[in-house]
Amino acid sequence: MEEEELDYEPEEKELGPVKEQRIRGSSNNRKRSRPCCICTGRFVNVRRHVLRAHVPWYTAPLLACWTCQLQFGQQGALTIHCNDYHNSEQTHGYKDEFLVDWVEMMIGLLIELCRQFKILALLIKSSEDSENLLSYSCKMSLCKISSYPIHTVIDTHFHWDKFFLQARFSGLPSYIWEEQGNEKFQIRKLISNFVFPSRWRACLDGDLLSKDKRILHTIGVHPKIAGNQVGHHLKELKKRIPGNFIAIGECGLDISQEEKDLREQIKVLRVQLELARDSNLPVVIHCRGENITARCLDIMTELLDRKHGVHWHCFSQDEREYENIKRCFPNTKFGISSLMLMEDKYPQLRSQVCEMSLADIIVESDSPYIQPKNYEDNSPVLIKAIIQKLSIMFNTSGREIAEITTRNAQQLYKLE
């Protein structure tokens with residue numbers, strides 16, 4: 001008698017019941033639900049599930065976000081997405097101008113299906129049931145989606161109120177662009193600094209700003225208006241601080257033109273630093289003028305803990321001042337702005353930035369106040385050119401610049 005082969009497999013009764021893997025959105029109600037023809041789930045509305053989970057993003061063009069290239073199963077889901085990630089006043093769905101692109105993409109999909117036609121025909125012929133003919137992996141191979149990740153970018157400093165004053169302003173567009181290698185970038189968050197008290201009521205109390213979920217707010221009094229009814233402005237500032245603001249500022253010292261109102265600037269700066277300290281909010285520092293950085297740092301070190309979060313706006317100082325700021329406030333992030341695109345006015349800035357650590361850098365457009373030469377648009381889209389410059393200077397990809405600067409902004413402002 002031959003020896004029996006050893007069998008180390010468990011007995012069937014020892015295995016216990018196999019837990020069925022649940023597919024997202026599938027229903028246990030077998031009376032109301034129907035099986036999906038691609039996966040093993042059951043759904044009340046199979047069409048919505050297939051659109052959302054199994055087909056290319058352009059299959060149902062009227063239910064797709066053409067900015068993010070995402071397919072949705074129903075109009076309500078698309079509307080929610082546009083409200084969360086885009087300006088709700090703008091159209092991000094299908095437009096007539098997309099017709100040619102959509103036809104080309106659908107032709108490509110049909111060509112891919114034709115390549116698989118012989119396999120499909122054999123399977124259909126050999127099957128007794130026309131439902132669930134193909135395996136999940138086989139059918140998914142027919143729906144190859146050429147999707148590329150969209151890299152998030154944060155514009156950490158711009159002035160929404162200035163755009164608001166423009167005629168016929170109805171909201172900011174989507175800022176999305178494509179680089180080589182089909183890599184896409186999108187400004188998903190913009191931080192607007194409200195530093196002119198005369199505009200607070202019209203901008204902050206209106207409905208238009210609240211509709212754009214991308215925009216976050218800081219509030220402060222700009223040093224250049226420190227002498228104009230400053231007492232009244234500071235009282236209103238203190239009343240508004242409990243609102244939905246992520247930082248105090250921009251505030252600071254500015255003697256770039258003259259030392260007018262420097263005493264008033266210092267008083268106003270001290271009040272705002274105290275507010276930032278007491279409310280535990282980061283502070284956005286505006287510092288301009290020869291030999292004024294040390295004076296500003298002295299006031300900051302007197303009133304703030306050295307671990308306090310600082311956004312040094314529109315950084316243009318030299319390497320020595322950079323090191324001094326980091327020594328006083330190690331958590332400082334330095335805003336690299338459109339000034340770097342103005343080599344005629346700031347010829348040394350690029351070499352100074354090259355000496356900095358990427359871990360200290362965030363990007364900002366400061367739009368619409370800065371207008372570099374040879375750039376027609378002075379909107380947040382300038383962030384694209386800043387990232388391109390930084391990628392060349394640090395010999396790395398735009399993707400890495402976007403990832404690092406976005407992470408730095410999230411750390412400073414405690415964003416998700």
# chains A, B, ... in the order shown; residues from 1 in each chain; ligands from 1
$ select_by_dssp --residues "segment 163-328 of chain A" --states "alpha helix (DSSP H)" --output "VMD selection string"
chain A and resid 163 to 164 200 to 204 207 to 211 230 to 240 262 to 279 293 to 303 319 to 328
$ residues_around --residues "Phe158 of chain A" --least-positions-apart "2" --cutoff "8 Å" --atoms "only C-alpha atoms" --output "list of chain:residue names"
A:Asp155, A:Thr156, A:Trp160, A:Leu190, A:Ile191, A:Ser192, A:Asn193, A:Glu364, A:Ser365, A:Asp366, A:Ser367, A:Pro368, A:Pro380
$ residues_around --residues "Leu208 of chain A" --least-positions-apart "4" --cutoff "12 Å" --atoms "only C-alpha atoms" --output "list in words"
Asn87, Ser88, Glu89, Trp160, Asp161, Phe163, Phe164, Phe169, Ser170, Gly171, Leu172, Ala202, Cys203, Leu204, Asp212, Lys213 and Ile215 of chain A
$ write_last_selection --atoms "all heavy atoms" --output "short mmCIF file (atom, residue, chain, number, x, y, z; two decimals), in the first residue's frame"
data_model
loop_
_atom_site.label_atom_id
_atom_site.label_comp_id
_atom_site.auth_asym_id
_atom_site.auth_seq_id
_atom_site.Cartn_x
_atom_site.Cartn_y
_atom_site.Cartn_z
N ASN A 87 -15.32 77.38 -8.11
CA ASN A 87 -16.25 78.48 -7.91
C ASN A 87 -17.60 78.08 -8.48
O ASN A 87 -17.72 77.78 -9.67
CB ASN A 87 -15.70 79.72 -8.64
CG ASN A 87 -16.58 80.92 -8.41
OD1 ASN A 87 -17.67 80.82 -7.85
ND2 ASN A 87 -16.13 82.07 -8.86
N SER A 88 -18.63 78.06 -7.66
CA SER A 88 -19.94 77.58 -8.09
C SER A 88 -20.54 78.44 -9.20
O SER A 88 -21.45 78.01 -9.89
CB SER A 88 -20.90 77.53 -6.90
OG SER A 88 -21.03 78.81 -6.33
N GLU A 89 -20.03 79.69 -9.36
CA GLU A 89 -20.57 80.55 -10.40
C GLU A 89 -20.02 80.18 -11.78
O GLU A 89 -20.54 80.59 -12.80
CB GLU A 89 -20.21 82.02 -10.10
CG GLU A 89 -20.82 82.53 -8.82
CD GLU A 89 -22.34 82.59 -8.89
OE1 GLU A 89 -22.87 82.91 -9.95
OE2 GLU A 89 -22.98 82.30 -7.87
N TRP A 160 -8.25 89.06 -2.78
CA TRP A 160 -9.55 88.87 -3.42
C TRP A 160 -10.32 90.17 -3.51
O TRP A 160 -11.04 90.41 -4.48
CB TRP A 160 -10.35 87.83 -2.64
CG TRP A 160 -11.66 87.45 -3.26
CD1 TRP A 160 -11.88 86.45 -4.17
CD2 TRP A 160 -12.94 88.07 -3.02
NE1 TRP A 160 -13.22 86.40 -4.50
CE2 TRP A 160 -13.89 87.39 -3.82
CE3 TRP A 160 -13.37 89.12 -2.23
CZ2 TRP A 160 -15.23 87.71 -3.82
CZ3 TRP A 160 -14.71 89.47 -2.24
CH2 TRP A 160 -15.63 88.75 -3.04
N ASP A 161 -10.18 91.03 -2.50
CA ASP A 161 -10.96 92.26 -2.47
C ASP A 161 -10.63 93.17 -3.65
O ASP A 161 -11.50 93.89 -4.16
CB ASP A 161 -10.76 93.01 -1.15
CG ASP A 161 -9.30 93.22 -0.80
OD1 ASP A 161 -8.43 92.67 -1.50
OD2 ASP A 161 -9.01 93.93 0.18
N PHE A 163 -9.81 92.11 -6.69
CA PHE A 163 -10.55 91.54 -7.81
C PHE A 163 -12.04 91.90 -7.71
O PHE A 163 -12.70 92.17 -8.71
CB PHE A 163 -10.40 90.01 -7.85
CG PHE A 163 -9.05 89.55 -8.28
CD1 PHE A 163 -8.10 89.15 -7.35
CD2 PHE A 163 -8.70 89.50 -9.63
CE1 PHE A 163 -6.85 88.72 -7.74
CE2 PHE A 163 -7.45 89.07 -10.03
CZ PHE A 163 -6.51 88.68 -9.10
N PHE A 164 -12.54 91.90 -6.48
CA PHE A 164 -13.95 92.18 -6.24
C PHE A 164 -14.33 93.58 -6.74
O PHE A 164 -15.46 93.80 -7.19
CB PHE A 164 -14.25 92.05 -4.74
CG PHE A 164 -15.64 92.43 -4.34
CD1 PHE A 164 -16.70 91.57 -4.60
CD2 PHE A 164 -15.90 93.63 -3.71
CE1 PHE A 164 -17.99 91.91 -4.23
CE2 PHE A 164 -17.18 93.98 -3.34
CZ PHE A 164 -18.23 93.11 -3.60
N PHE A 169 -17.14 91.59 -11.98
CA PHE A 169 -16.49 90.44 -11.35
C PHE A 169 -17.55 89.48 -10.82
O PHE A 169 -18.44 89.86 -10.07
CB PHE A 169 -15.59 90.91 -10.21
CG PHE A 169 -14.94 89.79 -9.45
CD1 PHE A 169 -13.93 89.05 -10.01
CD2 PHE A 169 -15.37 89.46 -8.16
CE1 PHE A 169 -13.33 88.02 -9.31
CE2 PHE A 169 -14.78 88.44 -7.45
CZ PHE A 169 -13.75 87.72 -8.04
N SER A 170 -17.45 88.21 -11.21
CA SER A 170 -18.43 87.22 -10.76
C SER A 170 -17.77 86.03 -10.08
O SER A 170 -18.42 85.03 -9.80
CB SER A 170 -19.27 86.72 -11.95
OG SER A 170 -18.45 86.10 -12.92
N GLY A 171 -16.47 86.13 -9.82
CA GLY A 171 -15.77 85.03 -9.16
C GLY A 171 -14.51 84.65 -9.92
O GLY A 171 -14.34 84.97 -11.09
N LEU A 172 -13.62 83.96 -9.21
CA LEU A 172 -12.36 83.53 -9.82
C LEU A 172 -12.57 82.26 -10.63
O LEU A 172 -13.38 81.40 -10.27
CB LEU A 172 -11.33 83.26 -8.73
CG LEU A 172 -10.93 84.45 -7.84
CD1 LEU A 172 -9.97 83.99 -6.76
CD2 LEU A 172 -10.30 85.56 -8.67
N ALA A 202 -17.99 95.28 2.68
CA ALA A 202 -18.49 94.89 1.36
C ALA A 202 -18.04 93.49 0.97
O ALA A 202 -18.81 92.71 0.39
CB ALA A 202 -18.04 95.89 0.30
N CYS A 203 -16.81 93.13 1.32
CA CYS A 203 -16.25 91.84 0.90
C CYS A 203 -16.58 90.71 1.86
O CYS A 203 -17.09 89.66 1.46
CB CYS A 203 -14.74 91.96 0.75
SG CYS A 203 -14.22 93.08 -0.56
N LEU A 204 -16.30 90.91 3.14
CA LEU A 204 -16.44 89.83 4.11
C LEU A 204 -17.88 89.54 4.47
O LEU A 204 -18.21 88.40 4.85
CB LEU A 204 -15.65 90.16 5.38
CG LEU A 204 -14.13 90.22 5.20
CD1 LEU A 204 -13.47 90.72 6.48
CD2 LEU A 204 -13.57 88.86 4.81
N ASP A 212 -17.26 80.57 -2.80
CA ASP A 212 -16.04 79.94 -3.31
C ASP A 212 -15.31 79.23 -2.17
O ASP A 212 -14.65 79.87 -1.35
CB ASP A 212 -15.14 80.99 -3.95
CG ASP A 212 -14.06 80.38 -4.84
OD1 ASP A 212 -13.69 79.22 -4.59
OD2 ASP A 212 -13.62 81.04 -5.79
N LYS A 213 -15.44 77.92 -2.12
CA LYS A 213 -14.90 77.13 -1.02
C LYS A 213 -13.38 77.03 -1.06
O LYS A 213 -12.76 76.55 -0.12
CB LYS A 213 -15.50 75.73 -1.02
CG LYS A 213 -17.02 75.69 -0.96
CD LYS A 213 -17.55 76.38 0.28
CE LYS A 213 -19.08 76.30 0.33
NZ LYS A 213 -19.63 77.03 1.48
N ILE A 215 -11.34 79.56 -1.15
CA ILE A 215 -10.70 80.74 -0.58
C ILE A 215 -10.74 80.71 0.94
O ILE A 215 -11.79 80.54 1.55
CB ILE A 215 -11.37 82.03 -1.11
CG1 ILE A 215 -11.23 82.10 -2.64
CG2 ILE A 215 -10.73 83.26 -0.48
CD1 ILE A 215 -11.91 83.30 -3.26
#
$ closest_residue --among "A:Gly25, A:Gly181, A:Pro35, A:Pro149" --to "Gln69 of chain A" --atoms "only C-alpha atoms"
A:Pro149
$ residues_around --residues "Tyr346 of chain A" --least-positions-apart "5" --cutoff "12 Å" --atoms "only C-alpha atoms" --output "PyMOL selection string"
chain A and resi 314-318+337-341+351-353+372
$ closest_residue --among "A:Ala385, A:Ala60, A:Leu390, A:Val103" --to "Trp177 of chain A" --atoms "only C-alpha atoms"
A:Ala385
$ residues_around --residues "segment 285-289 of chain A" --least-positions-apart "3" --cutoff "10 Å" --atoms "only C-alpha atoms" --output "PDB file with N, CA, C and O atoms, in the first residue's frame"
ATOM      1  N   HIS A 222      -2.853  96.821   7.069  1.00  0.00           N
ATOM      2  CA  HIS A 222      -1.603  96.992   6.326  1.00  0.00           C
ATOM      3  C   HIS A 222      -0.807  98.160   6.906  1.00  0.00           C
ATOM      4  O   HIS A 222      -1.386  99.191   7.267  1.00  0.00           O
ATOM      5  N   PRO A 223       0.522  98.022   7.002  1.00  0.00           N
ATOM      6  CA  PRO A 223       1.302  99.111   7.624  1.00  0.00           C
ATOM      7  C   PRO A 223       1.203 100.439   6.890  1.00  0.00           C
ATOM      8  O   PRO A 223       1.353 101.506   7.496  1.00  0.00           O
ATOM      9  N   ILE A 248      -3.532  86.296  11.220  1.00  0.00           N
ATOM     10  CA  ILE A 248      -3.584  87.743  11.371  1.00  0.00           C
ATOM     11  C   ILE A 248      -2.580  88.358  10.395  1.00  0.00           C
ATOM     12  O   ILE A 248      -1.424  87.949  10.348  1.00  0.00           O
ATOM     13  N   GLY A 249      -3.019  89.353   9.654  1.00  0.00           N
ATOM     14  CA  GLY A 249      -2.095  90.019   8.743  1.00  0.00           C
ATOM     15  C   GLY A 249      -2.669  90.129   7.342  1.00  0.00           C
ATOM     16  O   GLY A 249      -3.803  89.709   7.089  1.00  0.00           O
ATOM     17  N   GLU A 250      -1.931  90.760   6.465  1.00  0.00           N
ATOM     18  CA  GLU A 250      -0.532  91.056   6.655  1.00  0.00           C
ATOM     19  C   GLU A 250      -0.370  92.315   7.488  1.00  0.00           C
ATOM     20  O   GLU A 250      -1.104  93.277   7.346  1.00  0.00           O
ATOM     21  N   CYS A 251       0.652  92.304   8.322  1.00  0.00           N
ATOM     22  CA  CYS A 251       0.961  93.441   9.162  1.00  0.00           C
ATOM     23  C   CYS A 251       2.478  93.537   9.259  1.00  0.00           C
ATOM     24  O   CYS A 251       3.187  92.583   8.942  1.00  0.00           O
ATOM     25  N   GLY A 252       2.974  94.686   9.682  1.00  0.00           N
ATOM     26  CA  GLY A 252       4.419  94.821   9.778  1.00  0.00           C
ATOM     27  C   GLY A 252       4.874  96.250   9.716  1.00  0.00           C
ATOM     28  O   GLY A 252       4.189  97.169  10.184  1.00  0.00           O
ATOM     29  N   LEU A 253       6.055  96.450   9.101  1.00  0.00           N
ATOM     30  CA  LEU A 253       6.662  97.777   8.971  1.00  0.00           C
ATOM     31  C   LEU A 253       7.053  97.999   7.518  1.00  0.00           C
ATOM     32  O   LEU A 253       7.584  97.094   6.870  1.00  0.00           O
ATOM     33  N   ASP A 254       6.804  99.208   7.013  1.00  0.00           N
ATOM     34  CA  ASP A 254       7.122  99.526   5.620  1.00  0.00           C
ATOM     35  C   ASP A 254       7.643 100.957   5.534  1.00  0.00           C
ATOM     36  O   ASP A 254       6.889 101.915   5.687  1.00  0.00           O
ATOM     37  N   ILE A 255       8.960 101.080   5.292  1.00  0.00           N
ATOM     38  CA  ILE A 255       9.564 102.406   5.084  1.00  0.00           C
ATOM     39  C   ILE A 255      10.233 102.433   3.707  1.00  0.00           C
ATOM     40  O   ILE A 255      11.235 103.137   3.521  1.00  0.00           O
ATOM     41  N   SER A 256       9.689 101.669   2.779  1.00  0.00           N
ATOM     42  CA  SER A 256      10.295 101.578   1.449  1.00  0.00           C
ATOM     43  C   SER A 256      10.252 102.908   0.705  1.00  0.00           C
ATOM     44  O   SER A 256      11.096 103.163  -0.155  1.00  0.00           O
ATOM     45  N   GLN A 257       9.282 103.749   1.040  1.00  0.00           N
ATOM     46  CA  GLN A 257       9.190 105.047   0.384  1.00  0.00           C
ATOM     47  C   GLN A 257       9.654 106.170   1.301  1.00  0.00           C
ATOM     48  O   GLN A 257      10.375 107.071   0.904  1.00  0.00           O
ATOM     49  N   GLU A 258       9.244 106.115   2.547  1.00  0.00           N
ATOM     50  CA  GLU A 258       9.684 107.093   3.546  1.00  0.00           C
ATOM     51  C   GLU A 258       9.321 106.554   4.918  1.00  0.00           C
ATOM     52  O   GLU A 258       8.590 105.589   5.046  1.00  0.00           O
ATOM     53  N   GLU A 259       9.876 107.185   5.955  1.00  0.00           N
ATOM     54  CA  GLU A 259       9.625 106.719   7.316  1.00  0.00           C
ATOM     55  C   GLU A 259       8.385 107.374   7.919  1.00  0.00           C
ATOM     56  O   GLU A 259       8.240 107.480   9.128  1.00  0.00           O
ATOM     57  N   LEU A 269       1.358  97.352  14.651  1.00  0.00           N
ATOM     58  CA  LEU A 269       1.978  96.030  14.587  1.00  0.00           C
ATOM     59  C   LEU A 269       1.899  95.326  15.934  1.00  0.00           C
ATOM     60  O   LEU A 269       1.560  94.136  16.017  1.00  0.00           O
ATOM     61  N   LEU A 273       0.170  91.708  16.674  1.00  0.00           N
ATOM     62  CA  LEU A 273       0.957  90.580  17.185  1.00  0.00           C
ATOM     63  C   LEU A 273       0.343  90.031  18.472  1.00  0.00           C
ATOM     64  O   LEU A 273       0.323  88.807  18.693  1.00  0.00           O
ATOM     65  N   PRO A 282      -1.377  82.049  13.198  1.00  0.00           N
ATOM     66  CA  PRO A 282      -0.147  82.499  12.539  1.00  0.00           C
ATOM     67  C   PRO A 282      -0.243  83.977  12.183  1.00  0.00           C
ATOM     68  O   PRO A 282      -1.345  84.544  12.087  1.00  0.00           O
ATOM     69  N   ILE A 292      15.172  97.606   8.174  1.00  0.00           N
ATOM     70  CA  ILE A 292      13.962  97.564   9.007  1.00  0.00           C
ATOM     71  C   ILE A 292      13.670  96.161   9.520  1.00  0.00           C
ATOM     72  O   ILE A 292      12.901  95.981  10.461  1.00  0.00           O
ATOM     73  N   THR A 293      14.291  95.129   8.926  1.00  0.00           N
ATOM     74  CA  THR A 293      14.008  93.749   9.332  1.00  0.00           C
ATOM     75  C   THR A 293      14.354  93.510  10.792  1.00  0.00           C
ATOM     76  O   THR A 293      13.584  92.888  11.535  1.00  0.00           O
ATOM     77  N   ALA A 294      15.518  93.997  11.226  1.00  0.00           N
ATOM     78  CA  ALA A 294      15.949  93.794  12.613  1.00  0.00           C
ATOM     79  C   ALA A 294      14.986  94.466  13.582  1.00  0.00           C
ATOM     80  O   ALA A 294      14.658  93.905  14.640  1.00  0.00           O
ATOM     81  N   ARG A 295      14.490  95.645  13.217  1.00  0.00           N
ATOM     82  CA  ARG A 295      13.539  96.371  14.079  1.00  0.00           C
ATOM     83  C   ARG A 295      12.245  95.567  14.205  1.00  0.00           C
ATOM     84  O   ARG A 295      11.679  95.436  15.301  1.00  0.00           O
ATOM     85  N   CYS A 296      11.790  95.041  13.087  1.00  0.00           N
ATOM     86  CA  CYS A 296      10.557  94.247  13.099  1.00  0.00           C
ATOM     87  C   CYS A 296      10.735  92.981  13.938  1.00  0.00           C
ATOM     88  O   CYS A 296       9.853  92.612  14.725  1.00  0.00           O
ATOM     89  N   LEU A 297      11.879  92.314  13.790  1.00  0.00           N
ATOM     90  CA  LEU A 297      12.141  91.091  14.560  1.00  0.00           C
ATOM     91  C   LEU A 297      12.207  91.372  16.055  1.00  0.00           C
ATOM     92  O   LEU A 297      11.765  90.547  16.864  1.00  0.00           O
ATOM     93  N   MET A 300       8.707  91.499  17.295  1.00  0.00           N
ATOM     94  CA  MET A 300       8.099  90.167  17.242  1.00  0.00           C
ATOM     95  C   MET A 300       8.603  89.274  18.371  1.00  0.00           C
ATOM     96  O   MET A 300       7.816  88.568  19.022  1.00  0.00           O
ATOM     97  N   VAL A 310       4.887  81.849  11.494  1.00  0.00           N
ATOM     98  CA  VAL A 310       5.090  83.124  10.806  1.00  0.00           C
ATOM     99  C   VAL A 310       5.147  82.875   9.301  1.00  0.00           C
ATOM    100  O   VAL A 310       5.847  81.990   8.826  1.00  0.00           O
ATOM    101  N   HIS A 311       4.381  83.674   8.567  1.00  0.00           N
ATOM    102  CA  HIS A 311       4.455  83.706   7.100  1.00  0.00           C
ATOM    103  C   HIS A 311       5.144  85.008   6.728  1.00  0.00           C
ATOM    104  O   HIS A 311       4.571  86.083   6.859  1.00  0.00           O
ATOM    105  N   TRP A 312       6.411  84.906   6.271  1.00  0.00           N
ATOM    106  CA  TRP A 312       7.152  86.106   5.874  1.00  0.00           C
ATOM    107  C   TRP A 312       6.811  86.388   4.427  1.00  0.00           C
ATOM    108  O   TRP A 312       7.349  85.802   3.510  1.00  0.00           O
ATOM    109  N   HIS A 313       5.891  87.333   4.259  1.00  0.00           N
ATOM    110  CA  HIS A 313       5.292  87.609   2.945  1.00  0.00           C
ATOM    111  C   HIS A 313       6.282  88.285   1.999  1.00  0.00           C
ATOM    112  O   HIS A 313       7.055  89.158   2.393  1.00  0.00           O
ATOM    113  N   CYS A 314       6.259  87.858   0.716  1.00  0.00           N
ATOM    114  CA  CYS A 314       7.056  88.483  -0.349  1.00  0.00           C
ATOM    115  C   CYS A 314       8.516  88.606   0.069  1.00  0.00           C
ATOM    116  O   CYS A 314       9.113  89.694   0.004  1.00  0.00           O
ATOM    117  N   PHE A 315       9.123  87.506   0.451  1.00  0.00           N
ATOM    118  CA  PHE A 315      10.496  87.542   0.945  1.00  0.00           C
ATOM    119  C   PHE A 315      11.446  88.052  -0.138  1.00  0.00           C
ATOM    120  O   PHE A 315      11.465  87.546  -1.265  1.00  0.00           O
ATOM    121  N   SER A 316      12.245  89.059   0.224  1.00  0.00           N
ATOM    122  CA  SER A 316      13.235  89.598  -0.719  1.00  0.00           C
ATOM    123  C   SER A 316      14.521  89.996   0.001  1.00  0.00           C
ATOM    124  O   SER A 316      15.367  90.687  -0.570  1.00  0.00           O
ATOM    125  N   GLN A 317      14.662  89.558   1.262  1.00  0.00           N
ATOM    126  CA  GLN A 317      15.848  89.904   2.035  1.00  0.00           C
ATOM    127  C   GLN A 317      17.039  89.039   1.618  1.00  0.00           C
ATOM    128  O   GLN A 317      16.906  88.118   0.810  1.00  0.00           O
ATOM    129  N   PHE A 334       8.621  81.186   4.197  1.00  0.00           N
ATOM    130  CA  PHE A 334       8.932  82.381   3.420  1.00  0.00           C
ATOM    131  C   PHE A 334       8.178  82.346   2.092  1.00  0.00           C
ATOM    132  O   PHE A 334       8.321  81.401   1.311  1.00  0.00           O
ATOM    133  N   GLY A 335       7.389  83.389   1.869  1.00  0.00           N
ATOM    134  CA  GLY A 335       6.598  83.472   0.650  1.00  0.00           C
ATOM    135  C   GLY A 335       7.450  83.896  -0.541  1.00  0.00           C
ATOM    136  O   GLY A 335       7.961  85.010  -0.573  1.00  0.00           O
TER     137      GLY A 335
END
$ select_by_dssp --residues "segment 136-345 of chain A" --states "strand (DSSP E)" --output "ChimeraX atom specification"
/A:150-158,176-178,184-194,215-219,247-254,283-288,310-312,332-336
$ closest_residue --among "A:Leu382, A:Asn331, A:His217, A:Gly227" --to "Ile187 of chain A" --atoms "only C-alpha atoms"
A:Leu382
$ atom_distance --atom1 "atom CA of Arg48 of chain A" --atom2 "atom CA of Phe72 of chain A"
7.6 Å
